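Worksheet: the structure to be examined is printed underneath.
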Amino acid sequence: MVVFLAGCGATHGQHPISHGMSPAQVKQEVLARLKNWHAVNETITEVAYGPHGRRHVYNVKLLSQTSPVLFRLDVAPQGGTPFEVVDNGLNTVVYQNGAKHYSVLTADPQSWTEFRVLGTELPGIIQESHAEQVTVNAKEVILHLVSPVAAGISAKTTLWFSLTTNTPIRWQAAWKNGSLEETPKSVQLNPPINTSTFQFTPPSGVTPEVAMTAQGTELDLARSQVSFPIVLPPPSMNLELNGVNVSTRGKSQVVLLTYQTTNGSPAVLTESTSSTFKPPAGMSVVTETVGLLSVKVGALPSGSEMAAFTLHKTLVVAEGSVNVVDALVNAWGTSTSPSPSSP
């Protein structure tokens, strides 16, 4: 990893980190080494695992600063279309390479927090974390924490921190439905950043559209990547969309939509153009007619339920608790005109 320091005062007022110190003491000393971060220019490799162990790799360039709070992300998904996210302190612009429109978000872009973990937000995350274990080596500290990774979600996290450069070497986080690992390739601390960096200049002919939420923009990005209609739950279900992922399975494109009910129960929809549903090994299914739908339903070993049906030439596989899946299927089946998502 390449590290550049630009007048960050990295060693002033620090105390040595040594064997015998408690995890909480080491955490405070790490924070002392991060307290002077006011701007960061980084290149990062992220490996993320979502539900069902699906692997996603991203190459990320991050520029962020604290006063005022601004950031820019250039994200290149492995096997996917690159996109950029630019926040100027008032709103956030998202643009996918080659698209005819860019989106202007008027809500907090929580969906991209994961790409900013090792930027100027790192001191705040460490401050809010609970230190559980620590290993002190000659040139690095390995700090095990419980950290907030999203609203209402805490993760088991590990920070590898260099005592030579006072910068992160690696970050890992794992929670119930996923995990991620981030490794910085280069870190430039407190570089001069021109404010024009955080202004978006659209390519010729590209026009704006306004999205009220980051999730809405993620759906727009997903729609532009797949050739089939993305099916959304009926509004009566009142589900909150937490994540949108696009990947391939064999030669088929797959969209994974992660939802949460009002009482916190998760629900996952996997959508594709597959003509047939192949249940997981060991799961038996029965076919039921629910209103307008022919549905294959089966119980998973974990006690949750899986249901599959085809709507508008899109194969929809719903997974979650029995109550949630049954409610989804009934809502779709009894809808007078179930339809895919609209642009």
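Chain lettering (A, B, ...) mirrors the order of the structure tokens, residue numbering begins at 1 for each chain separately, and ligand numbering begins at 1 in order of display.
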Problem - strand (DSSP E) residues, from DSSP on the backbone, in segment 211-287 of chain A, as an MDAnalysis selection string - result: chainID A and resid 211 240:249 252:260 266:272 285:287
Exercise for the section: Please provide as a PyMOL selection string all residues within 9 Å of segment 190-203 of chain A, with the sequence filter that same-chain residues fewer than 6 positions apart are discarded (counting only C-alpha atoms). Expected result: chain A and resi 4-8+36-41+63-65+70-72+85-89+93+95+101-102
Exercise for the section: Write out as a list in words each polymer residue whose atoms come within 8 Å of Glu319 of chain A, counting only C-alpha atoms; drop sequence neighbours fewer than 6 positions from it. Expected result: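 Those residues are Ala267, Val268, Leu269, Ser304, Glu305, Met306, Ala307 and Val325 of chain A.
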Handout entry: Non-local contacts of Ser335 of chain A (9 Å; only C-alpha atoms; under 3 positions in same chain excluded) as a list in words
Key = Pro234, Gly291, Leu292, Asn330, Ala331, Trp332 and Pro338 of chain A
Could you take the residues named above and write them with all heavy atoms, as a compact mmCIF listing (two decimals), in the first residue's frame?
```txt
# COMPACT_ATOMS: atom_id res chain seq x y z
N PRO A 234 -46.41 -5.49 -4.08
CA PRO A 234 -47.56 -4.58 -4.05
C PRO A 234 -47.40 -3.55 -2.94
O PRO A 234 -46.89 -3.87 -1.86
CB PRO A 234 -48.75 -5.52 -3.77
CG PRO A 234 -48.29 -6.86 -4.26
CD PRO A 234 -46.82 -6.92 -3.98
N GLY A 291 -54.98 -16.94 -6.58
CA GLY A 291 -55.53 -15.92 -7.45
C GLY A 291 -55.10 -16.16 -8.88
O GLY A 291 -55.39 -17.21 -9.47
N LEU A 292 -54.37 -15.23 -9.46
CA LEU A 292 -53.93 -15.32 -10.85
C LEU A 292 -52.61 -16.06 -11.01
O LEU A 292 -52.15 -16.26 -12.13
CB LEU A 292 -53.77 -13.90 -11.42
CG LEU A 292 -55.01 -13.00 -11.39
CD1 LEU A 292 -54.64 -11.60 -11.87
CD2 LEU A 292 -56.12 -13.58 -12.24
N ASN A 330 -50.00 -13.84 -1.55
CA ASN A 330 -51.43 -13.50 -1.56
C ASN A 330 -51.67 -12.11 -2.12
O ASN A 330 -52.63 -11.88 -2.86
CB ASN A 330 -52.00 -13.60 -0.14
CG ASN A 330 -52.19 -15.03 0.31
OD1 ASN A 330 -52.52 -15.90 -0.49
ND2 ASN A 330 -51.97 -15.30 1.60
N ALA A 331 -50.79 -11.15 -1.77
CA ALA A 331 -50.96 -9.79 -2.27
C ALA A 331 -50.80 -9.74 -3.78
O ALA A 331 -51.56 -9.06 -4.49
CB ALA A 331 -49.96 -8.86 -1.59
N TRP A 332 -49.80 -10.47 -4.30
CA TRP A 332 -49.61 -10.50 -5.74
C TRP A 332 -50.76 -11.25 -6.44
O TRP A 332 -51.28 -10.81 -7.45
CB TRP A 332 -48.29 -11.19 -6.08
CG TRP A 332 -47.15 -10.26 -6.35
CD1 TRP A 332 -47.12 -9.20 -7.20
CD2 TRP A 332 -45.85 -10.32 -5.75
NE1 TRP A 332 -45.88 -8.59 -7.17
CE2 TRP A 332 -45.08 -9.26 -6.29
CE3 TRP A 332 -45.26 -11.17 -4.82
CZ2 TRP A 332 -43.75 -9.03 -5.93
CZ3 TRP A 332 -43.94 -10.94 -4.46
CH2 TRP A 332 -43.20 -9.89 -5.00
N PRO A 338 -51.47 -7.27 -11.30
CA PRO A 338 -50.09 -7.23 -10.84
C PRO A 338 -49.17 -6.78 -11.95
O PRO A 338 -49.29 -7.21 -13.09
CB PRO A 338 -49.80 -8.67 -10.41
CG PRO A 338 -50.81 -9.51 -11.15
CD PRO A 338 -52.02 -8.64 -11.29
```
Handout entry: Polymer residues at most 7 Å from Lys35 of chain A, only C-alpha atoms, same-chain spacing of 3 or more positions, as a PyMOL selection string
Key = chain A and resi 31-32+123
Handout entry: Selection near Gly303 of chain A, 12 Å with only C-alpha atoms, sequence-local residues under 4 positions removed, as number ranges by chain
Key = A: 283, 298-299, 319-323
Handout entry: Exercise: Ala138 of chain A partners within 9 Å, only C-alpha atoms, chain neighbours under 3 positions left out, as an MDAnalysis selection string
Key = chainID A and resid 18 141 163
Practice task
Rank nothing, just name the residue among A:Ala99, A:Gly20, A:Val297, A:Thr273 nearest to Arg249 of chain A, using only C-alpha atoms.
Solution key: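 The closest residue to Arg249 of chain A is A:Thr273.
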